[in-house]
Each structure stands twice: as structure tokens, then as C-alpha cells.
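structure_14.txt follows (compact mmCIF, C-alpha atoms):
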```
# COMPACT_ATOMS: atom_id res chain seq x y z
CA MET V 1 -66.29 -12.52 107.52
CA GLU V 2 -69.10 -11.51 105.16
CA LYS V 3 -72.56 -12.78 106.05
CA VAL V 4 -74.30 -14.14 102.96
CA ALA V 5 -77.94 -15.19 102.73
CA LEU V 6 -79.24 -17.22 99.80
CA ILE V 7 -83.02 -17.07 99.26
CA THR V 8 -84.80 -19.25 96.72
CA GLY V 9 -88.08 -18.00 95.27
CA ILE V 10 -86.95 -14.38 95.57
CA GLY V 11 -89.95 -13.18 93.55
CA GLY V 12 -92.42 -14.17 96.26
CA GLN V 13 -94.11 -12.25 99.06
CA ASP V 14 -92.13 -13.76 101.95
CA ALA V 15 -88.80 -13.56 100.13
CA ALA V 16 -89.23 -9.83 99.48
CA TYR V 17 -89.89 -9.02 103.14
CA LEU V 18 -87.13 -11.39 104.28
CA ALA V 19 -84.59 -9.90 101.87
CA LYS V 20 -85.37 -6.40 103.16
CA ASN V 21 -84.97 -7.61 106.73
CA LEU V 22 -81.64 -9.32 106.02
CA LEU V 23 -80.24 -6.33 104.11
CA GLU V 24 -81.03 -4.16 107.13
CA LYS V 25 -79.05 -6.63 109.27
CA GLY V 26 -75.98 -6.23 107.05
CA PHE V 27 -76.24 -9.41 104.99
CA LYS V 28 -75.26 -9.74 101.39
CA VAL V 29 -78.43 -11.17 99.89
CA ILE V 30 -78.50 -13.41 96.83
CA GLY V 31 -81.87 -14.48 95.49
CA THR V 32 -82.77 -17.13 92.97
CA SER V 33 -85.70 -17.25 90.61
CA ARG V 34 -86.75 -19.43 87.70
CA ARG V 35 -87.60 -16.20 85.90
CA SER V 36 -85.44 -13.23 86.83
CA SER V 37 -87.50 -10.83 84.72
CA ALA V 38 -88.67 -7.49 86.06
CA ASP V 39 -92.27 -8.73 85.97
CA ASN V 40 -91.41 -11.43 88.46
CA LEU V 41 -89.44 -9.13 90.78
CA PHE V 42 -91.98 -6.33 91.22
CA ARG V 43 -92.21 -7.01 94.97
CA LEU V 44 -88.52 -6.19 95.44
CA LYS V 45 -89.09 -2.98 93.54
CA SER V 46 -92.12 -2.08 95.64
CA LEU V 47 -89.94 -2.36 98.77
CA GLY V 48 -87.17 -0.32 97.13
CA ILE V 49 -84.53 -3.05 97.35
CA GLU V 50 -84.34 -4.35 93.76
CA ASN V 51 -80.84 -2.87 93.30
CA GLU V 52 -79.52 -3.94 96.70
CA LEU V 53 -79.34 -7.67 96.07
CA GLU V 54 -78.11 -10.06 93.42
CA VAL V 55 -80.67 -12.20 91.57
CA LEU V 56 -79.55 -15.42 89.87
CA SER V 57 -81.50 -17.72 87.60
CA ALA V 58 -82.02 -21.17 89.12
CA ASP V 59 -84.64 -23.89 89.29
CA VAL V 60 -84.65 -25.82 92.57
CA GLN V 61 -85.55 -28.96 90.61
CA GLU V 62 -82.11 -28.93 88.94
CA TYR V 63 -79.74 -30.60 91.39
CA SER V 64 -76.60 -29.66 89.43
CA ARG V 65 -77.54 -25.96 89.55
CA ILE V 66 -78.32 -26.03 93.28
CA GLN V 67 -75.08 -27.90 93.92
CA GLU V 68 -73.16 -25.30 91.92
CA LEU V 69 -74.69 -22.42 93.89
CA VAL V 70 -73.99 -23.99 97.28
CA MET V 71 -70.41 -24.88 96.30
CA ASN V 72 -69.61 -21.41 94.96
CA ILE V 73 -71.48 -19.24 97.44
CA LYS V 74 -71.26 -21.31 100.63
CA PRO V 75 -74.00 -19.16 102.15
CA THR V 76 -74.07 -18.38 105.85
CA GLN V 77 -77.83 -18.90 105.75
CA PHE V 78 -80.03 -20.58 103.15
CA TYR V 79 -83.77 -19.88 103.10
CA ASN V 80 -85.81 -22.14 100.83
CA LEU V 81 -88.93 -20.17 99.93
CA ALA V 82 -89.33 -21.54 96.41
CA ALA V 83 -92.50 -23.58 95.98
CA GLN V 84 -95.58 -24.32 93.98
CA SER V 85 -97.55 -22.59 96.70
CA PHE V 86 -101.11 -22.44 95.40
CA VAL V 87 -103.09 -25.30 96.96
CA ALA V 88 -105.79 -25.37 94.25
CA ASP V 89 -103.18 -25.80 91.51
CA SER V 90 -101.62 -28.74 93.33
CA PHE V 91 -104.73 -30.81 92.58
CA LYS V 92 -104.28 -30.05 88.88
CA SER V 93 -100.50 -30.64 88.88
CA PRO V 94 -99.71 -33.07 91.71
CA ILE V 95 -96.51 -34.50 90.21
CA TYR V 96 -95.03 -31.09 89.43
CA THR V 97 -96.00 -29.90 92.91
CA SER V 98 -94.31 -32.88 94.57
CA LEU V 99 -91.11 -32.32 92.60
CA VAL V 100 -90.90 -28.58 93.33
CA ASN V 101 -91.97 -28.75 96.98
CA GLY V 102 -90.60 -32.15 97.96
CA THR V 103 -87.72 -33.58 95.94
CA SER V 104 -86.18 -30.13 95.45
CA VAL V 105 -85.67 -29.83 99.20
CA LEU V 106 -83.56 -32.99 99.04
CA ASN V 107 -81.50 -31.32 96.31
CA ILE V 108 -80.73 -28.46 98.67
CA LEU V 109 -80.12 -30.59 101.76
CA GLU V 110 -77.76 -32.92 99.90
CA SER V 111 -75.85 -29.97 98.45
CA ILE V 112 -75.44 -28.42 101.90
CA ARG V 113 -74.43 -31.75 103.46
CA LEU V 114 -71.76 -32.41 100.83
CA PHE V 115 -70.38 -28.95 100.10
CA SER V 116 -71.30 -26.48 102.85
CA PRO V 117 -72.24 -28.26 106.11
CA GLU V 118 -71.80 -25.05 108.14
CA THR V 119 -74.66 -23.36 106.26
CA LYS V 120 -77.77 -22.81 108.37
CA PHE V 121 -80.90 -23.89 106.49
CA TYR V 122 -84.52 -22.74 106.77
CA GLN V 123 -87.40 -24.63 105.13
CA ALA V 124 -90.83 -23.05 104.61
CA SER V 125 -93.26 -25.60 105.99
CA THR V 126 -96.99 -24.93 106.18
CA SER V 127 -100.04 -25.31 108.41
CA GLU V 128 -101.74 -27.09 105.49
CA MET V 129 -99.78 -30.20 106.56
CA PHE V 130 -102.12 -30.49 109.56
CA GLY V 131 -105.16 -30.77 107.29
CA GLU V 132 -108.05 -32.30 109.21
CA SER V 133 -106.12 -32.92 112.42
CA GLY V 134 -109.21 -33.16 114.61
CA SER V 135 -107.70 -30.57 116.99
CA SER V 136 -109.21 -27.19 117.81
CA PHE V 137 -105.68 -25.79 117.50
CA GLN V 138 -102.40 -27.13 116.13
CA ASN V 139 -98.90 -27.05 117.60
CA GLU V 140 -95.56 -28.77 116.98
CA LYS V 141 -96.88 -32.06 118.39
CA THR V 142 -100.07 -32.22 116.34
CA ILE V 143 -100.12 -35.14 113.89
CA PHE V 144 -100.16 -34.24 110.19
CA HIS V 145 -103.17 -35.22 108.06
CA PRO V 146 -102.50 -33.50 104.71
CA ARG V 147 -105.51 -32.99 102.44
CA SER V 148 -103.89 -31.82 99.21
CA PRO V 149 -100.90 -32.67 97.01
CA TYR V 150 -99.45 -29.36 98.18
CA ALA V 151 -99.68 -30.34 101.84
CA THR V 152 -98.38 -33.85 101.17
CA SER V 153 -95.34 -32.52 99.32
CA LYS V 154 -94.62 -30.08 102.12
CA ALA V 155 -94.87 -32.86 104.72
CA PHE V 156 -92.27 -34.87 102.76
CA ALA V 157 -89.94 -31.85 102.78
CA HIS V 158 -90.59 -31.22 106.47
CA TYR V 159 -89.63 -34.76 107.45
CA SER V 160 -86.60 -34.61 105.14
CA VAL V 161 -85.31 -31.57 107.04
CA GLN V 162 -85.87 -33.38 110.32
CA ASN V 163 -83.99 -36.43 109.00
CA TYR V 164 -80.97 -34.45 107.77
CA ARG V 165 -80.82 -32.57 111.06
CA GLU V 166 -80.76 -35.79 113.06
CA ALA V 167 -78.67 -37.95 110.69
CA TYR V 168 -76.04 -35.42 109.59
CA ASN V 169 -76.17 -32.81 112.36
CA LEU V 170 -77.08 -30.01 109.97
CA HIS V 171 -78.41 -26.75 111.39
CA ALA V 172 -81.71 -27.19 109.55
CA VAL V 173 -85.08 -25.89 110.73
CA SER V 174 -88.63 -25.75 109.43
CA GLY V 175 -91.09 -22.98 110.15
CA ILE V 176 -94.66 -24.31 110.24
CA LEU V 177 -96.21 -21.03 109.20
CA PHE V 178 -99.95 -20.53 109.25
CA ASN V 179 -101.51 -18.32 106.57
CA HIS V 180 -99.74 -15.00 106.30
CA GLU V 181 -100.87 -12.19 104.05
CA SER V 182 -99.86 -8.70 102.98
CA PRO V 183 -100.35 -6.18 100.17
CA LEU V 184 -97.68 -8.20 98.31
CA ARG V 185 -99.76 -11.40 98.36
CA GLY V 186 -100.39 -13.01 94.97
CA GLU V 187 -103.76 -12.24 93.38
CA GLU V 188 -104.61 -15.96 93.13
CA PHE V 189 -104.77 -16.34 96.93
CA ILE V 190 -108.22 -15.91 98.48
CA THR V 191 -107.39 -12.97 100.76
CA ARG V 192 -105.88 -10.87 97.99
CA LYS V 193 -108.57 -12.03 95.56
CA ILE V 194 -111.13 -10.61 97.99
CA THR V 195 -109.40 -7.32 98.82
CA LEU V 196 -108.61 -6.63 95.17
CA GLY V 197 -112.02 -7.75 93.91
CA LEU V 198 -113.96 -5.70 96.45
CA SER V 199 -111.73 -2.68 95.82
CA LYS V 200 -112.56 -2.94 92.09
CA ILE V 201 -116.27 -3.30 92.87
CA PHE V 202 -116.13 -0.31 95.23
CA LEU V 203 -114.50 1.80 92.52
CA GLY V 204 -116.87 0.61 89.78
CA LYS V 205 -114.21 -1.42 87.91
CA GLN V 206 -115.83 -4.84 88.51
CA LYS V 207 -119.41 -6.03 89.06
CA ILE V 208 -119.14 -9.34 90.90
CA LEU V 209 -116.63 -11.54 92.70
CA LYS V 210 -116.94 -15.33 92.69
CA VAL V 211 -115.51 -17.35 95.59
CA GLY V 212 -115.56 -20.93 96.90
CA ASN V 213 -115.96 -22.24 100.46
CA ILE V 214 -116.63 -19.20 102.64
CA TYR V 215 -116.88 -21.24 105.85
CA SER V 216 -113.32 -22.59 105.96
CA LYS V 217 -111.40 -20.94 108.80
CA ARG V 218 -107.78 -19.86 108.74
CA ASP V 219 -105.30 -18.30 111.15
CA TRP V 220 -104.25 -15.18 109.22
CA GLY V 221 -101.15 -13.19 110.16
CA TYR V 222 -98.97 -10.53 108.53
CA ALA V 223 -96.08 -11.76 106.36
CA GLU V 224 -93.64 -9.10 107.56
CA ASP V 225 -94.15 -10.27 111.16
CA TYR V 226 -93.57 -13.87 110.10
CA VAL V 227 -90.21 -13.32 108.38
CA GLN V 228 -88.97 -12.01 111.75
CA ALA V 229 -89.79 -15.47 113.09
CA MET V 230 -87.83 -17.11 110.26
CA TRP V 231 -84.80 -15.07 111.25
CA LYS V 232 -85.15 -15.92 114.93
CA MET V 233 -85.54 -19.63 114.12
CA ILE V 234 -82.35 -19.85 112.10
CA GLN V 235 -80.39 -18.02 114.84
CA SER V 236 -81.29 -20.49 117.59
CA LYS V 237 -78.37 -22.41 119.05
CA LYS V 238 -80.23 -25.71 118.82
CA PRO V 239 -82.13 -26.15 115.53
CA LYS V 240 -85.84 -26.84 116.08
CA ASP V 241 -89.10 -26.57 114.20
CA TYR V 242 -91.68 -24.00 115.28
CA VAL V 243 -95.33 -23.18 114.67
CA ILE V 244 -95.78 -19.53 113.72
CA ALA V 245 -99.35 -18.24 114.02
CA THR V 246 -101.61 -15.67 115.70
CA GLY V 247 -103.71 -18.08 117.76
CA LYS V 248 -106.95 -16.73 116.27
CA ASN V 249 -108.85 -17.81 113.19
CA TYR V 250 -111.56 -16.36 111.00
CA SER V 251 -113.70 -17.74 108.21
CA VAL V 252 -113.45 -16.51 104.63
CA LYS V 253 -116.91 -15.00 105.18
CA GLN V 254 -115.61 -13.06 108.19
CA PHE V 255 -112.69 -11.84 106.08
CA ILE V 256 -115.17 -10.58 103.48
CA ASN V 257 -117.27 -8.91 106.17
CA GLU V 258 -114.21 -7.12 107.54
CA CYS V 259 -113.40 -5.79 104.04
CA VAL V 260 -117.01 -4.60 103.59
CA LYS V 261 -116.85 -2.86 106.97
CA ILE V 262 -113.64 -1.03 106.05
CA LEU V 263 -115.11 0.01 102.68
CA LYS V 264 -118.32 1.12 104.47
CA LEU V 265 -120.52 -0.78 102.05
CA LYS V 266 -124.11 -1.54 103.07
CA THR V 267 -124.55 -5.24 102.39
CA LYS V 268 -126.53 -8.31 103.37
CA TRP V 269 -125.92 -12.05 102.97
CA VAL V 270 -128.88 -13.98 101.54
CA GLY V 271 -129.47 -17.60 100.51
CA LYS V 272 -127.82 -20.84 101.58
CA GLY V 273 -125.18 -23.22 100.25
CA LEU V 274 -124.17 -22.58 96.63
CA ASN V 275 -126.96 -19.99 96.41
CA GLU V 276 -125.56 -17.82 99.20
CA LYS V 277 -124.57 -14.36 98.01
CA LEU V 278 -123.72 -10.89 99.25
CA ILE V 279 -126.05 -8.10 98.17
CA ASN V 280 -125.11 -4.42 97.93
CA LEU V 281 -128.13 -2.78 99.57
CA ASP V 282 -127.49 0.56 97.82
CA ASN V 283 -128.41 -0.89 94.42
CA ASN V 284 -129.69 -4.37 95.36
CA LYS V 285 -127.06 -6.03 93.15
CA THR V 286 -125.07 -9.18 93.97
CA ILE V 287 -121.41 -8.40 94.55
CA ILE V 288 -120.21 -11.80 95.82
CA SER V 289 -121.49 -15.23 94.78
CA ILE V 290 -120.45 -18.83 95.45
CA ASP V 291 -119.02 -20.92 92.62
CA LYS V 292 -118.38 -24.66 93.10
CA GLU V 293 -115.45 -24.37 90.68
CA PHE V 294 -113.44 -22.85 93.53
CA PHE V 295 -114.05 -25.69 95.99
CA ARG V 296 -111.18 -28.14 96.55
CA PRO V 297 -111.64 -31.91 96.05
CA SER V 298 -110.81 -32.29 99.76
CA GLU V 299 -111.23 -29.26 102.02
CA VAL V 300 -109.45 -28.18 105.19
CA GLU V 301 -112.11 -26.57 107.34
CA ASN V 302 -110.31 -25.31 110.42
CA LEU V 303 -106.73 -24.22 111.11
CA LYS V 304 -105.63 -22.32 114.21
CA GLY V 305 -102.08 -22.31 115.52
CA ASN V 306 -100.65 -22.37 119.01
CA PHE V 307 -97.36 -20.42 118.92
CA PHE V 308 -96.52 -20.88 122.63
CA LYS V 309 -93.17 -22.57 121.88
CA ALA V 310 -92.06 -19.71 119.58
CA LYS V 311 -93.13 -17.16 122.17
CA LYS V 312 -91.26 -18.92 124.97
CA GLU V 313 -88.08 -19.93 123.14
CA LEU V 314 -87.75 -17.30 120.39
CA ASN V 315 -89.44 -14.39 122.14
CA TRP V 316 -91.65 -14.01 119.07
CA THR V 317 -95.24 -12.80 119.01
CA PRO V 318 -97.32 -11.43 116.11
CA LYS V 319 -97.58 -7.64 116.09
CA THR V 320 -100.34 -7.15 113.51
CA ASN V 321 -103.92 -8.17 114.30
CA PHE V 322 -106.58 -9.31 111.85
CA SER V 323 -108.35 -5.96 111.45
CA LYS V 324 -105.12 -4.06 110.91
CA LEU V 325 -103.99 -6.60 108.31
CA VAL V 326 -107.23 -6.41 106.32
CA LYS V 327 -107.24 -2.62 106.48
CA MET V 328 -103.66 -2.53 105.19
CA MET V 329 -104.54 -4.77 102.25
CA ILE V 330 -107.72 -2.87 101.33
CA LYS V 331 -105.90 0.49 101.44
CA SER V 332 -103.12 -0.86 99.21
CA ASP V 333 -105.56 -2.36 96.70
CA LEU V 334 -107.68 0.77 96.51
CA ASP V 335 -104.52 2.71 95.61
CA TYR V 336 -103.52 -0.01 93.13
CA VAL V 337 -106.89 -0.04 91.35
CA LYS V 338 -106.98 3.75 91.13
CA LYS V 339 -103.57 3.75 89.40
CA ASN V 340 -104.30 0.93 86.97
```

Representation of the structure as C-alpha cells:
Amino acid sequence: MEKVALITGIGGQDAAYLAKNLLEKGFKVIGTSRRSSADNLFRLKSLGIENELEVLSADVQEYSRIQELVMNIKPTQFYNLAAQSFVADSFKSPIYTSLVNGTSVLNILESIRLFSPETKFYQASTSEMFGESGSSFQNEKTIFHPRSPYATSKAFAHYSVQNYREAYNLHAVSGILFNHESPLRGEEFITRKITLGLSKIFLGKQKILKVGNIYSKRDWGYAEDYVQAMWKMIQSKKPKDYVIATGKNYSVKQFINECVKILKLKTKWVGKGLNEKLINLDNNKTIISIDKEFFRPSEVENLKGNFFKAKKELNWTPKTNFSKLVKMMIKSDLDYVKKN
């Protein structure tokens, strides 16, 4: 019997790595995207798999379309990676964010329940749901305290998956993934904004980079490692939710410092608060400054995951450390800037 995986949000970072992984495992992969244009699918092309999978146009907000796909395809596995995933934008568009990230998950769960109950379902949950949990680390038992419309919508979806699993016996799981980055990360996300911006500055294509809160700490892992965890989760005999993380966290400032170290720039931080900036000592010019425009209305200061359960039950551990990840992203962006 043919193994078929359906992945929503196929244009995204995680979906690209996951599709490659599933193709290597012998799956027929079908991806959905609101915009199936080449511009939106460049990540598939960069991994050399754009011609190895089928891409269909679909919006997860349209129940009739999701129902049609589930009825016709009856996928072996369904990975929901479609989302309005930029936290800052969720404050500007909270209703849209809640529809895409929350209600749309109900569309999928209902379609699976009614028309393909044997389908195994994976939901992309997020560490942002923990918000200000008050814990030095977060695991599967940590109480959620979401601090953004994005996190709130994801918490709704997370509990919906839990409900459908318990009420209808669906094989439905949620991966509570902490921040995961790669050279395929969108340019609007802080890590890629930094690696791309500093690469442009290093190569003389940009003068200054403006950022927000440099003291918020995140647990940063490598996206390709994390899609392995998605796969392991959906294979488990008993469906459960898992925290996927590295167990270490670093501030945005530390991320910047690691980039500077890799680029071998001579720099120095000066000033405090909104006046703090990074100076290039070779020419005494400011290369990074703080801009209050990039601060969130409510911040999440500290996220660090405990992945003990995933290690014990799924035999999963992260393979790529912080330094290796940053180096990978800087190298990729230097090449990118040189070509463009």
C-alpha cells in the first residue's frame, strides 16, 4: 500500500526539510500552499526536490477544500505546518492569526475524523505557548501563559488536538517545538535577519542593522534535526505530545556576538537601553542599533526546553549545537549576498 504524506504550508522552512526526509523514506509527498508560485517554493528548489512532490493550492481556512483533500487523498500521515508564524505580525493581525493557526486546525481534525480516521496527524505547536511560565525551563507539564495572539492561537490548536485524540481516538500529536533555525529561515525572523544583515554589512552592502529586545533568550536548534522528531512522534504507537528543544538558551545579543565572532569583526557594545549599540572598531561606525519599533507589546524573556521525554521515549536528541548552527547560517548568507 502506498504511503502518502500530506503537508500543509509546503513553502515553509520546516515543510521543505520534512518533505525531503519523507521522500527519502519512500513516501509520496503532497504539499499544499495558498500560493503555489515558484517564488513561494524556492526552499524546495534549494533542496533539489521541487520536481519530486506534488503541490496543490489550498487555504487551511477553507473547510470545504480541506475536506475535499482529506476525502480524496486519505493520507497515511498529515502534517499541519501551515501558519501565520511571525509573532510580531500577530499583534497587528490577531483575528487573521487566530483563524489560520486556530480554527483551521479544527477544519483538519474534523475532516480526518469524518473521512479518514486512520490518518495519523501532526500539529506544529510552539514554545511560545509557555510565554512567561515562571519556570527556568519548560517541559510537557509546564502550564501555558501565552503572551501574543500567535501563542494564544497555537494554544487553542494544541488543546484541540488533545481533545480530538481523547474524544475520538485519533492518532493526533503535537510537537511543542522550541525555536529552530536554518539557512532556509524566513528573513523576517530575528536569527535570519541578523545573519543576513551582518553578512551584508561585512560585504559592504548595508551600513546598519536595527533590532529590538536583545536580552530575550531563546532555545535555538536546527530545523533539519527537528523534523526528525516530527517523524518519530507520528510513528509512536501511543500518540503523545512532546517538547523538542536543545536544553540550552542564548540571548539575541549572544546570537549577534556569535555571528561577529564567525565573521572576525572587531566590535564593542556601548550604551544602555535603547541607546545600546554595536560599534565596528575598524572604522568606529555603528553596525547594530536598538529600535523600539521592534519590541513586542508583551515580551517573552526566557524560553528553554527540557526534551527528556523525547530523548527517553523517541530516542531523539539534537545533533547540531548553537555555534554550528550560526556558522551554517552565516556561511549560507555570505554566499547568498555575494550572488545577489

Close residues, Ala223 of chain V itself excluded, 6 Å, only C-alpha atoms, min 4 positions apart in chain, as an NGL selection string: :V and (180-182)

As an MDAnalysis selection string, please: the residues near segment 146-149 of chain V (cut-off 12 Å, only C-alpha atoms, same-chain neighbours under 6 positions excluded). chainID V and resid 84:102 126:134 155:156 296:301

Which residue is closest to Gln138 of chain V? Choose from V:Ala151, V:Leu198, V:Ala15, V:Ala245 and count only C-alpha atoms.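 Result for the nearest residue to Gln138 of chain V: V:Ala245.
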
Between atom CA of Gly9 of chain V and atom CA of Thr152 of chain V, measure the distance and give it in Å to one decimal. 19.8 Å

Selection near segment 12-14 of chain V, 10 Å with all atoms listed in the file, sequence-local residues under 2 positions removed, as a VMD selection string: chain V and resid 8 to 10 16 to 19 33 40 to 44 81 to 83 85 124 180 to 186 223 to 224 226 to 227 230

Give as an MDAnalysis selection string the set of residues within 10 Å of the point (-80.0, -21.2, 110.0), where distances use the file's coordinates and all atoms listed in the file. chainID V and resid 5 76:79 118:123 170:174 230:239

Shell around Lys74 of chain V at 8 Å using only C-alpha atoms, local window under 2 positions removed, as a list in words: Leu69, Val70, Met71, Asn72, Thr76, Phe115, Ser116 and Thr119 of chain V

Pick out the closest residue to Ala58 of chain V from this set: V:Asn302, V:Thr32, V:Ser46, V:Ser251. Count only C-alpha atoms.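 Comparing V:Asn302, V:Thr32, V:Ser46, V:Ser251 against Ala58 of chain V, the winner is V:Thr32.
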
Do you have the atom CA of Lys324 of chain V-atom CA of Thr246 of chain V distance handy?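 Separation between atom CA of Lys324 of chain V and atom CA of Thr246 of chain V: 13.0 Å.
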
I'd like the neighbourhood of Thr317 of chain V as a ChimeraX atom specification, where a residue qualifies if any of its atoms comes within 9 Å (using all atoms listed in the file), though same-chain residues fewer than 2 positions away should be ignored. /V:225,229,244-246,307-308,310-311,314-315,319

May I ask you to restore N, CA, C and O atoms in segment 307-332 of chain V and write the result as a short mmCIF file (atom, residue, chain, number, x, y, z; two decimals), in the coordinates of the input?
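As written to disk, rebuild.cif reads:
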```cif
data_model
loop_
_atom_site.label_atom_id
_atom_site.label_comp_id
_atom_site.auth_asym_id
_atom_site.auth_seq_id
_atom_site.Cartn_x
_atom_site.Cartn_y
_atom_site.Cartn_z
N PHE V 307 -98.76 -20.82 119.09
CA PHE V 307 -97.36 -20.42 118.92
C PHE V 307 -96.62 -20.29 120.25
O PHE V 307 -95.62 -19.58 120.36
N PHE V 308 -97.09 -20.99 121.29
CA PHE V 308 -96.52 -20.88 122.63
C PHE V 308 -95.01 -21.16 122.64
O PHE V 308 -94.24 -20.46 123.28
N LYS V 309 -94.60 -22.19 121.91
CA LYS V 309 -93.17 -22.57 121.88
C LYS V 309 -92.32 -21.45 121.29
O LYS V 309 -91.24 -21.13 121.81
N ALA V 310 -92.80 -20.82 120.20
CA ALA V 310 -92.06 -19.71 119.58
C ALA V 310 -92.01 -18.50 120.51
O ALA V 310 -90.99 -17.80 120.58
N LYS V 311 -93.09 -18.28 121.22
CA LYS V 311 -93.13 -17.16 122.17
C LYS V 311 -92.14 -17.38 123.31
O LYS V 311 -91.40 -16.47 123.69
N LYS V 312 -92.12 -18.59 123.82
CA LYS V 312 -91.26 -18.92 124.97
C LYS V 312 -89.79 -18.98 124.59
O LYS V 312 -88.94 -18.42 125.29
N GLU V 313 -89.48 -19.66 123.47
CA GLU V 313 -88.08 -19.93 123.14
C GLU V 313 -87.46 -18.90 122.20
O GLU V 313 -86.24 -18.70 122.22
N LEU V 314 -88.28 -18.28 121.36
CA LEU V 314 -87.75 -17.30 120.39
C LEU V 314 -88.11 -15.86 120.75
O LEU V 314 -87.65 -14.93 120.09
N ASN V 315 -88.95 -15.71 121.76
CA ASN V 315 -89.44 -14.39 122.14
C ASN V 315 -90.14 -13.72 120.95
O ASN V 315 -89.97 -12.53 120.70
N TRP V 316 -90.92 -14.53 120.23
CA TRP V 316 -91.65 -14.01 119.07
C TRP V 316 -93.14 -13.99 119.32
O TRP V 316 -93.71 -14.98 119.81
N THR V 317 -93.77 -12.90 119.00
CA THR V 317 -95.24 -12.80 119.01
C THR V 317 -95.66 -11.97 117.80
O THR V 317 -94.94 -11.07 117.36
N PRO V 318 -96.85 -12.23 117.24
CA PRO V 318 -97.32 -11.43 116.11
C PRO V 318 -97.68 -10.02 116.56
O PRO V 318 -98.24 -9.83 117.63
N LYS V 319 -97.33 -9.04 115.74
CA LYS V 319 -97.58 -7.64 116.09
C LYS V 319 -98.82 -7.07 115.41
O LYS V 319 -99.35 -6.04 115.83
N THR V 320 -99.27 -7.71 114.34
CA THR V 320 -100.34 -7.15 113.51
C THR V 320 -101.60 -7.99 113.63
O THR V 320 -101.60 -9.18 113.28
N ASN V 321 -102.69 -7.39 114.14
CA ASN V 321 -103.92 -8.17 114.30
C ASN V 321 -104.71 -8.25 113.00
O ASN V 321 -104.38 -7.62 111.99
N PHE V 322 -105.76 -9.02 113.03
CA PHE V 322 -106.58 -9.31 111.85
C PHE V 322 -107.13 -8.04 111.20
O PHE V 322 -106.98 -7.83 109.99
N SER V 323 -107.74 -7.18 111.99
CA SER V 323 -108.35 -5.96 111.45
C SER V 323 -107.32 -5.05 110.79
O SER V 323 -107.56 -4.49 109.71
N LYS V 324 -106.18 -4.91 111.44
CA LYS V 324 -105.12 -4.06 110.91
C LYS V 324 -104.59 -4.62 109.59
O LYS V 324 -104.31 -3.87 108.64
N LEU V 325 -104.46 -5.94 109.52
CA LEU V 325 -103.99 -6.60 108.31
C LEU V 325 -104.94 -6.36 107.14
O LEU V 325 -104.52 -5.99 106.04
N VAL V 326 -106.24 -6.58 107.38
CA VAL V 326 -107.23 -6.41 106.32
C VAL V 326 -107.27 -4.96 105.86
O VAL V 326 -107.34 -4.66 104.66
N LYS V 327 -107.22 -4.04 106.81
CA LYS V 327 -107.24 -2.62 106.48
C LYS V 327 -106.05 -2.22 105.62
O LYS V 327 -106.16 -1.47 104.65
N MET V 328 -104.89 -2.77 105.95
CA MET V 328 -103.66 -2.53 105.19
C MET V 328 -103.81 -3.01 103.74
O MET V 328 -103.42 -2.32 102.79
N MET V 329 -104.38 -4.19 103.58
CA MET V 329 -104.54 -4.77 102.25
C MET V 329 -105.58 -4.02 101.41
O MET V 329 -105.38 -3.79 100.22
N ILE V 330 -106.68 -3.63 102.05
CA ILE V 330 -107.72 -2.87 101.33
C ILE V 330 -107.17 -1.52 100.88
O ILE V 330 -107.36 -1.10 99.73
N LYS V 331 -106.46 -0.82 101.78
CA LYS V 331 -105.90 0.49 101.44
C LYS V 331 -104.95 0.38 100.25
O LYS V 331 -104.99 1.17 99.31
N SER V 332 -104.09 -0.65 100.29
CA SER V 332 -103.12 -0.86 99.21
C SER V 332 -103.83 -1.16 97.89
O SER V 332 -103.45 -0.63 96.83
#
```
